[in-house]
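Visitor: What follows is model_14.cif, made up of mmCIF, C-alpha atoms:
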data_my_file
#
loop_
_atom_site.label_atom_id
_atom_site.label_comp_id
_atom_site.auth_asym_id
_atom_site.auth_seq_id
_atom_site.Cartn_x
_atom_site.Cartn_y
_atom_site.Cartn_z
CA MET A 1 2.68 6.65 -9.25
CA ALA A 2 6.10 5.39 -8.27
CA VAL A 3 9.30 5.17 -10.21
CA THR A 4 10.55 2.77 -7.57
CA GLY A 5 14.21 2.18 -8.01
CA ASN A 6 13.89 3.60 -11.47
CA ALA A 7 15.02 7.21 -11.23
CA PRO A 8 18.76 7.86 -11.63
CA ASP A 9 18.68 8.83 -7.99
CA ALA A 10 15.43 8.58 -6.09
CA GLY A 11 13.25 11.67 -6.23
CA ASN A 12 12.98 13.10 -2.73
CA ASP A 13 9.81 14.96 -1.87
CA ALA A 14 10.45 18.48 -0.67
CA GLY A 15 8.69 21.79 -0.22
CA LYS A 16 7.40 24.10 2.44
CA ASP A 17 4.02 24.48 4.06
CA PRO A 18 3.14 25.86 7.51
CA GLY A 19 0.80 22.99 8.36
CA ASN A 20 3.32 20.65 9.99
CA ASP A 21 2.69 18.88 13.29
CA ALA A 22 5.63 20.39 15.15
CA PRO A 23 7.74 23.54 14.98
CA THR A 24 10.90 23.33 12.91
CA GLY A 25 13.46 21.36 14.88
CA GLY A 26 10.85 20.16 17.37
CA ALA A 27 10.20 16.49 18.00
CA PRO A 28 6.71 15.17 17.24
CA ALA A 29 5.17 12.78 19.72
CA ARG A 30 6.40 9.21 19.35
CA ALA A 31 4.05 6.29 18.87
CA ALA A 32 4.14 3.41 21.35
CA GLY A 33 3.16 0.57 19.04
CA PRO A 34 4.73 -2.90 18.75
CA LEU A 35 7.81 -1.49 16.98
CA ALA A 36 8.58 1.14 19.63
CA GLY A 37 12.34 1.34 20.03
CA VAL A 38 13.11 0.27 16.45
CA ARG A 39 15.06 2.89 14.53
CA VAL A 40 14.61 3.23 10.77
CA VAL A 41 16.51 5.39 8.28
CA GLU A 42 14.52 6.08 5.11
CA LEU A 43 16.38 7.48 2.13
CA ALA A 44 13.58 9.57 0.69
CA GLY A 45 11.91 8.54 -2.53
CA ILE A 46 8.38 8.19 -3.88
CA GLY A 47 5.67 5.53 -3.83
CA PRO A 48 6.17 2.18 -2.15
CA GLY A 49 9.33 3.04 -0.17
CA PRO A 50 7.70 5.90 1.74
CA PHE A 51 4.52 3.86 2.23
CA ALA A 52 6.53 0.97 3.69
CA ALA A 53 8.31 3.38 6.02
CA MET A 54 4.93 4.86 7.01
CA LEU A 55 3.72 1.39 7.99
CA LEU A 56 6.75 0.94 10.23
CA ALA A 57 6.24 4.42 11.68
CA ASP A 58 2.54 3.75 12.31
CA LEU A 59 3.57 0.67 14.28
CA GLY A 60 5.80 2.75 16.53
CA ALA A 61 9.22 2.72 14.86
CA ASP A 62 11.26 5.92 15.00
CA VAL A 63 11.54 6.61 11.27
CA VAL A 64 13.96 9.32 10.17
CA ARG A 65 13.48 10.31 6.55
CA VAL A 66 16.60 11.65 4.88
CA ASP A 67 15.37 14.28 2.42
CA ARG A 68 17.44 15.90 -0.29
CA PRO A 69 17.77 19.70 -0.20
CA GLY A 70 15.59 21.12 -2.94
CA GLY A 71 13.58 17.96 -3.40
CA GLY A 72 12.78 16.48 -6.78
CA GLY A 73 10.83 13.77 -8.56
CA LEU A 74 7.10 13.22 -8.54
CA ALA A 75 5.96 14.75 -5.29
CA VAL A 76 2.81 15.46 -3.36
CA ASN A 77 2.79 18.73 -1.45
CA PRO A 78 4.73 17.65 1.69
CA ALA A 79 2.08 19.08 3.99
CA TYR A 80 -0.47 16.63 2.56
CA ASP A 81 1.70 13.58 1.92
CA VAL A 82 0.31 11.28 4.60
CA THR A 83 2.81 8.58 3.66
CA ASN A 84 5.25 10.73 5.64
CA ARG A 85 3.14 10.85 8.80
CA ASN A 86 4.59 9.67 12.12
CA LYS A 87 8.11 10.29 10.78
CA ARG A 88 10.86 12.83 11.31
CA SER A 89 12.88 14.45 8.54
CA VAL A 90 16.44 15.68 8.18
CA LEU A 91 18.09 17.23 5.14
CA VAL A 92 21.24 15.60 3.80
CA ASP A 93 22.80 16.11 0.37
CA LEU A 94 24.16 12.68 -0.46
CA LYS A 95 26.18 14.17 -3.33
CA SER A 96 28.06 16.51 -1.03
CA ALA A 97 31.43 15.57 0.43
CA GLU A 98 30.04 15.04 3.93
CA GLY A 99 26.61 13.69 2.95
CA PRO A 100 27.34 9.94 2.95
CA ALA A 101 29.13 10.22 6.31
CA ARG A 102 26.06 11.85 7.87
CA VAL A 103 23.85 9.00 6.64
CA LEU A 104 26.35 6.42 7.91
CA ASP A 105 26.30 8.14 11.31
CA LEU A 106 22.56 7.52 11.40
CA VAL A 107 22.99 3.97 10.08
CA GLU A 108 25.37 3.16 12.92
CA ARG A 109 22.52 3.83 15.35
CA ALA A 110 19.72 2.30 13.28
CA ASP A 111 18.09 -1.12 13.01
CA VAL A 112 16.73 -0.72 9.47
CA LEU A 113 17.50 1.29 6.35
CA ILE A 114 15.09 1.60 3.41
CA GLU A 115 16.12 2.87 -0.02
CA GLY A 116 14.47 2.91 -3.44
CA PHE A 117 17.26 3.87 -5.83
CA ARG A 118 18.05 2.07 -9.06
CA PRO A 119 20.49 -0.80 -8.51
CA GLY A 120 24.01 0.50 -7.98
CA VAL A 121 23.08 4.10 -7.13
CA ALA A 122 23.33 3.67 -3.34
CA GLU A 123 26.74 2.05 -3.81
CA ARG A 124 27.94 4.95 -5.96
CA LEU A 125 26.74 7.41 -3.34
CA GLY A 126 28.66 5.60 -0.62
CA VAL A 127 25.65 4.28 1.32
CA GLY A 128 25.27 0.83 -0.20
CA PRO A 129 24.98 -2.37 1.83
CA ALA A 130 28.74 -2.89 2.17
CA ASP A 131 29.27 0.68 3.41
CA CYS A 132 26.39 0.42 5.88
CA HIS A 133 27.24 -3.06 7.19
CA ALA A 134 30.83 -1.95 7.77
CA ARG A 135 29.42 0.54 10.28
CA ASN A 136 26.57 -1.64 11.57
CA PRO A 137 26.72 -5.40 10.88
CA GLN A 138 23.26 -5.90 12.41
CA LEU A 139 21.53 -3.50 10.03
CA VAL A 140 18.59 -4.72 7.94
CA TYR A 141 19.08 -3.07 4.56
CA GLY A 142 15.74 -2.90 2.72
CA ARG A 143 15.85 -2.30 -1.05
CA MET A 144 12.62 -1.32 -2.82
CA THR A 145 12.61 -1.52 -6.61
CA GLY A 146 10.24 -2.39 -9.41
CA TRP A 147 12.37 -4.91 -11.30
CA GLY A 148 14.66 -6.08 -8.51
CA GLN A 149 18.41 -5.83 -8.00
CA GLU A 150 19.24 -8.08 -10.95
CA GLY A 151 17.80 -9.29 -14.24
CA PRO A 152 17.62 -7.85 -17.78
CA LEU A 153 15.34 -4.96 -16.78
CA ALA A 154 16.90 -4.15 -13.39
CA HIS A 155 18.40 -0.85 -14.56
CA THR A 156 15.46 0.37 -16.66
CA ALA A 157 12.72 2.77 -15.65
CA GLY A 158 9.19 1.66 -14.92
CA HIS A 159 6.02 2.32 -13.00
CA ASP A 160 3.44 0.19 -11.21
CA ILE A 161 1.48 -0.46 -14.40
CA ALA A 162 4.47 -2.03 -16.17
CA TYR A 163 5.38 -4.21 -13.20
CA ILE A 164 1.90 -5.67 -12.80
CA ALA A 165 1.60 -6.04 -16.59
CA VAL A 166 4.44 -8.53 -16.95
CA THR A 167 3.35 -10.59 -13.92
CA GLY A 168 -0.04 -11.39 -15.45
CA ALA A 169 -1.91 -9.52 -12.71
CA LEU A 170 -3.00 -6.59 -14.89
CA GLY A 171 -4.20 -8.91 -17.64
CA MET A 172 -6.69 -10.50 -15.26
CA ILE A 173 -8.49 -7.25 -14.43
CA GLY A 174 -11.31 -5.85 -16.56
CA ASN A 175 -14.10 -6.87 -18.89
CA PRO A 176 -13.64 -9.29 -21.77
CA GLY A 177 -13.10 -7.57 -25.10
CA GLU A 178 -11.98 -4.36 -23.37
CA PRO A 179 -8.53 -3.14 -22.33
CA PRO A 180 -7.37 -4.27 -18.88
CA ALA A 181 -8.61 -1.99 -16.10
CA VAL A 182 -5.91 -0.08 -14.23
CA PRO A 183 -6.26 -0.62 -10.43
CA ALA A 184 -4.60 2.71 -9.51
CA ASN A 185 -1.16 1.85 -8.09
CA LEU A 186 -2.49 -0.38 -5.32
CA VAL A 187 -1.67 -3.84 -6.68
CA GLY A 188 1.97 -3.22 -7.62
CA ASP A 189 3.43 -0.35 -5.63
CA TYR A 190 1.70 -1.02 -2.34
CA ALA A 191 0.53 -4.66 -2.26
CA GLY A 192 3.34 -6.24 -4.28
CA GLY A 193 5.91 -3.67 -3.18
CA SER A 194 5.47 -1.96 0.19
CA LEU A 195 3.84 -4.86 2.01
CA TYR A 196 6.47 -7.34 0.86
CA LEU A 197 9.26 -4.96 1.84
CA VAL A 198 7.76 -4.61 5.32
CA ILE A 199 7.35 -8.38 5.67
CA GLY A 200 10.94 -8.88 4.56
CA VAL A 201 12.30 -6.17 6.85
CA LEU A 202 10.48 -7.51 9.90
CA ALA A 203 11.57 -11.10 9.17
CA ALA A 204 15.18 -9.98 8.70
CA LEU A 205 15.00 -7.89 11.87
CA GLN A 206 13.84 -10.94 13.81
CA HIS A 207 16.80 -12.90 12.42
CA ALA A 208 19.27 -10.12 13.23
CA ARG A 209 18.08 -10.12 16.84
CA THR A 210 18.38 -13.86 17.39
CA PRO A 211 21.58 -15.30 18.92
CA GLY A 212 24.17 -15.54 16.16
CA GLY A 213 22.01 -13.53 13.78
CA ALA A 214 23.26 -10.68 11.65
CA GLY A 215 21.99 -7.98 9.36
CA GLN A 216 21.26 -8.67 5.71
CA VAL A 217 19.90 -7.18 2.49
CA VAL A 218 16.19 -7.50 1.65
CA ASP A 219 15.61 -7.31 -2.12
CA ALA A 220 11.93 -6.40 -2.45
CA ALA A 221 10.94 -6.21 -6.12
CA ILE A 222 7.42 -5.26 -7.11
CA VAL A 223 7.43 -7.88 -9.86
CA ASP A 224 8.25 -10.59 -7.31
CA GLY A 225 5.64 -9.49 -4.79
CA THR A 226 2.91 -9.03 -7.37
CA ALA A 227 3.63 -12.44 -8.90
CA HIS A 228 3.46 -13.92 -5.39
CA LEU A 229 0.00 -12.40 -4.92
CA THR A 230 -1.29 -14.49 -7.83
CA ALA A 231 -0.34 -17.81 -6.17
CA MET A 232 -3.91 -19.02 -5.66
CA ILE A 233 -4.87 -18.15 -9.22
CA HIS A 234 -1.94 -20.15 -10.61
CA GLY A 235 -3.13 -23.11 -8.58
CA MET A 236 -6.61 -22.74 -10.02
CA VAL A 237 -5.20 -22.55 -13.55
CA ALA A 238 -3.27 -25.76 -12.97
CA ALA A 239 -6.40 -27.45 -11.64
CA GLY A 240 -8.47 -26.32 -14.62
CA GLY A 241 -10.56 -24.01 -12.47
CA TRP A 242 -9.45 -20.71 -14.01
CA GLN A 243 -9.43 -19.65 -17.65
CA ASP A 244 -6.46 -17.52 -18.65
CA ARG A 245 -8.59 -14.65 -19.95
CA ARG A 246 -10.46 -11.70 -18.44
CA GLY A 247 -14.05 -11.78 -17.28
CA ALA A 248 -14.51 -15.54 -17.54
CA ASN A 249 -13.93 -16.71 -13.99
CA LEU A 250 -15.44 -16.85 -10.54
CA LEU A 251 -13.51 -13.91 -9.07
CA ASP A 252 -12.82 -11.64 -12.04
CA GLY A 253 -16.30 -10.38 -12.88
CA GLY A 254 -17.17 -13.28 -15.14
CA CYS A 255 -19.54 -14.70 -12.55
CA PRO A 256 -22.95 -12.95 -12.41
CA PHE A 257 -23.10 -13.21 -8.62
CA TYR A 258 -19.61 -11.77 -8.08
CA GLY A 259 -19.42 -8.34 -9.68
CA THR A 260 -20.82 -4.83 -9.77
CA TYR A 261 -24.19 -3.55 -10.98
CA GLU A 262 -25.47 -0.09 -11.81
CA THR A 263 -28.41 1.33 -9.88
CA SER A 264 -31.12 3.69 -11.09
CA ASP A 265 -29.16 6.76 -9.94
CA GLY A 266 -26.03 5.82 -11.87
CA ARG A 267 -24.19 4.43 -8.87
CA TYR A 268 -23.17 0.83 -8.17
CA MET A 269 -23.64 -2.12 -5.86
CA ALA A 270 -21.04 -4.86 -5.36
CA VAL A 271 -22.20 -8.47 -5.16
CA GLY A 272 -20.14 -11.34 -3.74
CA ALA A 273 -22.74 -14.04 -3.09
CA LEU A 274 -20.48 -17.00 -3.89
CA GLU A 275 -21.65 -19.65 -1.44
CA GLN A 276 -25.06 -21.25 -1.93
CA GLN A 277 -26.57 -20.00 1.33
CA PHE A 278 -25.47 -16.44 0.63
CA TYR A 279 -26.69 -16.66 -2.95
CA ASP A 280 -30.11 -17.85 -1.77
CA THR A 281 -30.41 -14.81 0.49
CA PHE A 282 -29.19 -12.56 -2.32
CA VAL A 283 -31.73 -13.62 -4.96
CA GLU A 284 -34.54 -13.58 -2.42
CA LEU A 285 -33.81 -10.02 -1.28
CA LEU A 286 -33.19 -8.92 -4.86
CA GLY A 287 -36.62 -10.27 -5.75
CA ILE A 288 -35.67 -12.74 -8.46
CA ALA A 289 -35.68 -16.03 -6.51
CA ASP A 290 -38.52 -17.42 -8.64
CA GLN A 291 -37.09 -16.43 -12.01
CA ALA A 292 -33.31 -16.80 -11.60
CA PRO A 293 -31.83 -19.69 -13.58
CA ALA A 294 -29.76 -22.28 -11.74
CA ARG A 295 -26.57 -20.61 -10.56
CA LYS A 296 -24.40 -23.58 -11.56
CA ASP A 297 -25.68 -23.55 -15.14
CA LEU A 298 -22.80 -21.65 -16.78
CA ALA A 299 -24.63 -21.68 -20.10
CA ARG A 300 -27.29 -19.44 -18.57
CA TRP A 301 -24.97 -17.07 -16.71
CA GLY A 302 -25.68 -14.39 -19.30
CA GLU A 303 -29.41 -14.70 -18.64
CA LEU A 304 -28.82 -14.55 -14.90
CA ARG A 305 -26.64 -11.46 -15.25
CA GLU A 306 -29.35 -9.68 -17.24
CA ALA A 307 -31.96 -10.50 -14.59
CA VAL A 308 -29.72 -9.22 -11.79
CA ALA A 309 -28.80 -6.07 -13.74
CA ALA A 310 -32.43 -5.26 -14.50
CA ARG A 311 -33.43 -5.51 -10.87
CA PHE A 312 -30.59 -3.31 -9.63
CA LYS A 313 -31.52 -0.67 -12.21
CA SER A 314 -34.98 -0.44 -10.66
CA ARG A 315 -33.87 1.30 -7.46
CA THR A 316 -31.23 3.71 -6.22
CA ARG A 317 -28.02 2.71 -4.49
CA GLU A 318 -29.38 4.02 -1.19
CA GLU A 319 -32.53 1.95 -1.53
CA TRP A 320 -30.63 -1.24 -2.34
CA THR A 321 -28.22 -0.57 0.51
CA ALA A 322 -31.17 -0.49 2.89
CA VAL A 323 -32.45 -3.78 1.48
CA PHE A 324 -29.17 -5.66 1.94
CA GLU A 325 -27.70 -3.91 4.99
CA GLY A 326 -27.03 -6.34 7.84
CA THR A 327 -27.89 -9.47 5.83
CA ASP A 328 -25.73 -12.39 4.70
CA ALA A 329 -26.32 -11.66 1.02
CA CYS A 330 -22.74 -10.32 0.69
CA VAL A 331 -23.83 -7.13 -1.07
CA ALA A 332 -22.41 -3.67 -0.43
CA PRO A 333 -22.60 -0.19 -1.96
CA VAL A 334 -19.63 0.93 -4.06
CA LEU A 335 -18.49 4.11 -2.32
CA SER A 336 -16.16 6.87 -3.43
CA LEU A 337 -13.04 7.84 -1.51
CA ARG A 338 -14.86 10.76 0.07
CA GLU A 339 -17.89 8.63 0.95
CA ALA A 340 -16.00 5.72 2.50
CA PRO A 341 -15.14 7.36 5.87
CA HIS A 342 -18.86 7.94 6.50
CA HIS A 343 -19.93 4.31 6.06
CA PRO A 344 -21.54 3.30 9.38
CA HIS A 345 -19.31 0.27 9.92
CA LEU A 346 -16.08 2.07 9.07
CA ALA A 347 -17.14 5.05 11.18
CA ALA A 348 -17.90 2.79 14.15
CA ARG A 349 -14.47 1.18 13.89
CA ALA A 350 -12.72 4.51 13.27
CA THR A 351 -11.15 2.99 10.16
CA PHE A 352 -10.56 6.54 8.96
CA THR A 353 -9.48 9.46 11.08
CA ASP A 354 -9.15 13.22 10.74
CA PHE A 355 -5.68 14.36 11.73
CA GLY A 356 -4.17 17.75 11.06
CA GLY A 357 -7.10 18.64 8.83
CA ILE A 358 -6.61 15.61 6.57
CA THR A 359 -9.05 12.70 6.42
CA GLN A 360 -6.94 9.55 6.11
CA PRO A 361 -6.90 5.84 6.95
CA ALA A 362 -6.03 5.08 10.55
CA PRO A 363 -3.05 2.81 11.29
CA ALA A 364 -3.66 -0.89 10.64
CA PRO A 365 -3.73 -3.65 11.78
CA ARG A 366 -4.83 -3.40 15.41
CA PHE A 367 -3.00 -4.69 18.46
CA SER A 368 -4.53 -5.55 21.82
CA ALA A 369 -1.45 -4.84 23.94
CA THR A 370 0.59 -2.37 21.89
CA PRO A 371 -1.88 -0.28 19.89
CA ALA A 372 -0.54 1.74 17.00
CA ALA A 373 -1.40 5.42 16.78
CA LEU A 374 -1.30 8.42 14.49
CA VAL A 375 0.74 10.91 16.48
CA SER A 376 2.12 13.37 13.94
CA GLY A 377 1.27 14.65 10.50
CA PRO A 378 3.42 14.64 7.36
CA ALA A 379 7.04 15.45 8.17
CA LEU A 380 8.18 18.53 6.30
CA PRO A 381 11.65 18.15 4.80
CA GLY A 382 14.31 19.00 7.37
CA ALA A 383 11.84 19.95 10.09
CA HIS A 384 13.29 17.63 12.73
CA THR A 385 17.03 17.95 12.27
CA GLU A 386 17.58 19.28 15.78
CA SER A 387 15.54 16.62 17.55
CA VAL A 388 17.08 13.76 15.52
CA ALA A 389 20.59 15.10 16.10
CA ALA A 390 19.92 15.10 19.82
CA ASP A 391 17.97 11.84 20.13
CA TRP A 392 20.23 9.80 17.87
CA GLY A 393 23.46 11.42 19.05
CA VAL A 394 24.49 12.74 15.64
CA PRO A 395 25.49 16.39 16.16
CA ALA A 396 27.10 16.42 12.71
CA LEU A 397 23.59 16.79 11.28
CA LEU A 398 23.70 20.33 12.65
CA GLY A 399 27.11 20.99 11.14
CA LYS A 400 28.80 20.19 14.45
CA GLU A 401 31.23 17.39 15.11
CA GLY A 402 30.52 15.38 18.25
#
Here is a file; write its structure as structure tokens.
Guide:
Amino acid sequence: MAVTGNAPDAGNDAGKDPGNDAPTGGAPARAAGPLAGVRVVELAGIGPGPFAAMLLADLGADVVRVDRPGGGGLAVNPAYDVTNRNKRSVLVDLKSAEGPARVLDLVERADVLIEGFRPGVAERLGVGPADCHARNPQLVYGRMTGWGQEGPLAHTAGHDIAYIAVTGALGMIGNPGEPPAVPANLVGDYAGGSLYLVIGVLAALQHARTPGGAGQVVDAAIVDGTAHLTAMIHGMVAAGGWQDRRGANLLDGGCPFYGTYETSDGRYMAVGALEQQFYDTFVELLGIADQAPARKDLARWGELREAVAARFKSRTREEWTAVFEGTDACVAPVLSLREAPHHPHLAARATFTDFGGITQPAPAPRFSATPAALVSGPALPGAHTESVAADWGVPALLGKEG
């Protein structure tokens, strides 16, 4: 979804909907997670930047999203954009005469800033690293882009699919002889982008808070993070344990006991019986223990796959789920997004939650002493200007000079 660091200026989600968590100008409840007390300024954009800021907010940071009046870019209706939960929003026009100064007022009081503009745009707007560090030398300045701050493609547009394509990650996914399968925007935007930005920001924050430490710039590029995710695979290639083609390896669907199979009702089961003891349980419960060829005989993997597929086609997904539930066969039903929250294990752990009328994933991971919490719904653009102006001591946000 994201044009991370690829729009001329980042597209800032905007709009109006009455379903916000707090009245306009009111302050939503603050989370008390492990990042309580950390202040984050997010220059609004789309995709991995907002998701990274949501992670920090879920963990208790006070995240103030700086939205652009009028909005722009690819945008979800703000009332349903859960990547803006647990945040507050103010409206600032960075292209106005006073806009950069208002952001720098916030920066002076912040620990972290996150932006997802193309390289050079923040500098032109007057809120680049040099401008911000002049006001706050301890600031961690997080930059989220697809191609990174430098390199031949740094200033060109792109989306998740292009970033994961050039890293080799996309080429690994899918069936042999078919086009690569697109894994939504999870691998690039969020895994290779947001998560690496958060790791970088937290590491830099730790450094800034050590004696003699200082703020710095974190250059989080989706191409870098996604390439990093393939580290184990590169090791396997070097060792001769991975073929550089789709559907021919242990973990890419090439293995008949690590993949998905259709059931009689047109649904699917996922099989991950890699280890011998789990495989033994799998073929026994599947009912093919006496006829399955040796699992290590790669020449007969096609025969084994046909036997497994035929058996799964003999019953429904619900019936097979009952057969494998609670066993060590490493088999699970493939659920849809709407089905997932009702899975007994996920329901028991409250992995999903209903908040403000929206079913959504609960904050993760979990902490024994400083639990994270979902305390407010998506922040509508500008809804918290009054509370931020008061809490952060920036009356200029209200058009008043302090």
Visitor: Applied to the shown file, which residues does the PyMOL selection byres ((chain A and resi 36) around 8) return, written as a count of residues only?
Guide: 11
Visitor: For a test of reading the model, state the distance in Å between atom CA of A:Cys132 and atom CA of A:Val394, rounded to one decimal.
Guide: 15.8 Å
Visitor: Hey, can you check how far atom CA of A:Leu202 sits from atom CA of A:Leu56?
Guide: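 Computing the Euclidean distance for atom CA of A:Leu202 and atom CA of A:Leu56 yields 9.2 Å.
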Visitor: In Å, with one decimal, what is the gap from atom CA of A:Gln243 to atom CA of A:Thr167?
Guide: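 Separation of atom CA of A:Gln243 and atom CA of A:Thr167: 16.1 Å.
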Visitor: Going by the chain IDs and residue numbers used in this file, which residues fall under the PyMOL selection byres ((chain A and resi 214) around 12)? Write them as a PyMOL selection string.
Guide: chain A and resi 111+133+136-141+203-213+215-217
Visitor: For A:Phe282, work out the shell of residues within 8 Å, counting all atoms listed in the file and skipping chain neighbours fewer than 2 positions away, then give it as a list of chain:residue names.
Guide: A:Ala273, A:Phe278, A:Tyr279, A:Asp280, A:Glu284, A:Leu285, A:Leu286, A:Asp328, A:Ala329, A:Cys330, A:Val331
Visitor: So what does the PyMOL selection byres ((chain A and resi 267) around 12) actually pick up in this one, as an MDAnalysis selection string?
Guide: chainID A and resid 260:266 268:270 312:321 332:336
Visitor: Okay, now the selection with C-alpha atoms, as a PDB file, in the coordinates of the input?
Guide:
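Okay, this is what ended up in selection00.pdb:
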ATOM      1  CA  THR A 260     -20.820  -4.830  -9.770  1.00  0.00           C
ATOM      2  CA  TYR A 261     -24.190  -3.550 -10.980  1.00  0.00           C
ATOM      3  CA  GLU A 262     -25.470  -0.090 -11.810  1.00  0.00           C
ATOM      4  CA  THR A 263     -28.410   1.330  -9.880  1.00  0.00           C
ATOM      5  CA  SER A 264     -31.120   3.690 -11.090  1.00  0.00           C
ATOM      6  CA  ASP A 265     -29.160   6.760  -9.940  1.00  0.00           C
ATOM      7  CA  GLY A 266     -26.030   5.820 -11.870  1.00  0.00           C
ATOM      8  CA  TYR A 268     -23.170   0.830  -8.170  1.00  0.00           C
ATOM      9  CA  MET A 269     -23.640  -2.120  -5.860  1.00  0.00           C
ATOM     10  CA  ALA A 270     -21.040  -4.860  -5.360  1.00  0.00           C
ATOM     11  CA  PHE A 312     -30.590  -3.310  -9.630  1.00  0.00           C
ATOM     12  CA  LYS A 313     -31.520  -0.670 -12.210  1.00  0.00           C
ATOM     13  CA  SER A 314     -34.980  -0.440 -10.660  1.00  0.00           C
ATOM     14  CA  ARG A 315     -33.870   1.300  -7.460  1.00  0.00           C
ATOM     15  CA  THR A 316     -31.230   3.710  -6.220  1.00  0.00           C
ATOM     16  CA  ARG A 317     -28.020   2.710  -4.490  1.00  0.00           C
ATOM     17  CA  GLU A 318     -29.380   4.020  -1.190  1.00  0.00           C
ATOM     18  CA  GLU A 319     -32.530   1.950  -1.530  1.00  0.00           C
ATOM     19  CA  TRP A 320     -30.630  -1.240  -2.340  1.00  0.00           C
ATOM     20  CA  THR A 321     -28.220  -0.570   0.510  1.00  0.00           C
ATOM     21  CA  ALA A 332     -22.410  -3.670  -0.430  1.00  0.00           C
ATOM     22  CA  PRO A 333     -22.600  -0.190  -1.960  1.00  0.00           C
ATOM     23  CA  VAL A 334     -19.630   0.930  -4.060  1.00  0.00           C
ATOM     24  CA  LEU A 335     -18.490   4.110  -2.320  1.00  0.00           C
ATOM     25  CA  SER A 336     -16.160   6.870  -3.430  1.00  0.00           C
TER      26      SER A 336
END
Visitor: Could you model all heavy atoms for stretch 107-111 of chain A and present them as an mmCIF file, keeping the file's coordinate frame?
Guide:
data_model
loop_
_atom_site.group_PDB
_atom_site.id
_atom_site.type_symbol
_atom_site.label_atom_id
_atom_site.label_comp_id
_atom_site.auth_asym_id
_atom_site.auth_seq_id
_atom_site.Cartn_x
_atom_site.Cartn_y
_atom_site.Cartn_z
ATOM 1 N N VAL A 107 23.021 5.423 10.263
ATOM 2 C CA VAL A 107 22.990 3.970 10.080
ATOM 3 C C VAL A 107 23.616 3.247 11.262
ATOM 4 O O VAL A 107 23.132 2.195 11.694
ATOM 5 C CB VAL A 107 23.700 3.593 8.762
ATOM 6 C CG1 VAL A 107 24.060 2.110 8.725
ATOM 7 C CG2 VAL A 107 22.820 3.959 7.570
ATOM 8 N N GLU A 108 24.687 3.796 11.785
ATOM 9 C CA GLU A 108 25.370 3.160 12.920
ATOM 10 C C GLU A 108 24.451 2.993 14.120
ATOM 11 O O GLU A 108 24.622 2.077 14.916
ATOM 12 C CB GLU A 108 26.594 4.000 13.303
ATOM 13 C CG GLU A 108 27.455 3.369 14.382
ATOM 14 C CD GLU A 108 28.729 4.152 14.632
ATOM 15 O OE1 GLU A 108 29.120 4.961 13.768
ATOM 16 O OE2 GLU A 108 29.338 3.961 15.700
ATOM 17 N N ARG A 109 23.434 3.844 14.217
ATOM 18 C CA ARG A 109 22.520 3.830 15.350
ATOM 19 C C ARG A 109 21.153 3.247 14.998
ATOM 20 O O ARG A 109 20.234 3.269 15.807
ATOM 21 C CB ARG A 109 22.361 5.260 15.875
ATOM 22 C CG ARG A 109 23.651 5.855 16.415
ATOM 23 C CD ARG A 109 23.650 7.378 16.368
ATOM 24 N NE ARG A 109 24.834 7.951 16.989
ATOM 25 C CZ ARG A 109 26.023 8.049 16.404
ATOM 26 N NH1 ARG A 109 26.201 7.598 15.172
ATOM 27 N NH2 ARG A 109 27.039 8.595 17.057
ATOM 28 N N ALA A 110 21.020 2.755 13.775
ATOM 29 C CA ALA A 110 19.720 2.300 13.280
ATOM 30 C C ALA A 110 19.606 0.780 13.297
ATOM 31 O O ALA A 110 20.601 0.053 13.394
ATOM 32 C CB ALA A 110 19.497 2.813 11.862
ATOM 33 N N ASP A 111 18.378 0.309 13.167
ATOM 34 C CA ASP A 111 18.090 -1.120 13.010
ATOM 35 C C ASP A 111 17.788 -1.465 11.563
ATOM 36 O O ASP A 111 18.043 -2.581 11.122
ATOM 37 C CB ASP A 111 16.878 -1.502 13.871
ATOM 38 C CG ASP A 111 17.101 -1.229 15.344
ATOM 39 O OD1 ASP A 111 17.914 -1.930 15.955
ATOM 40 O OD2 ASP A 111 16.461 -0.291 15.877
#
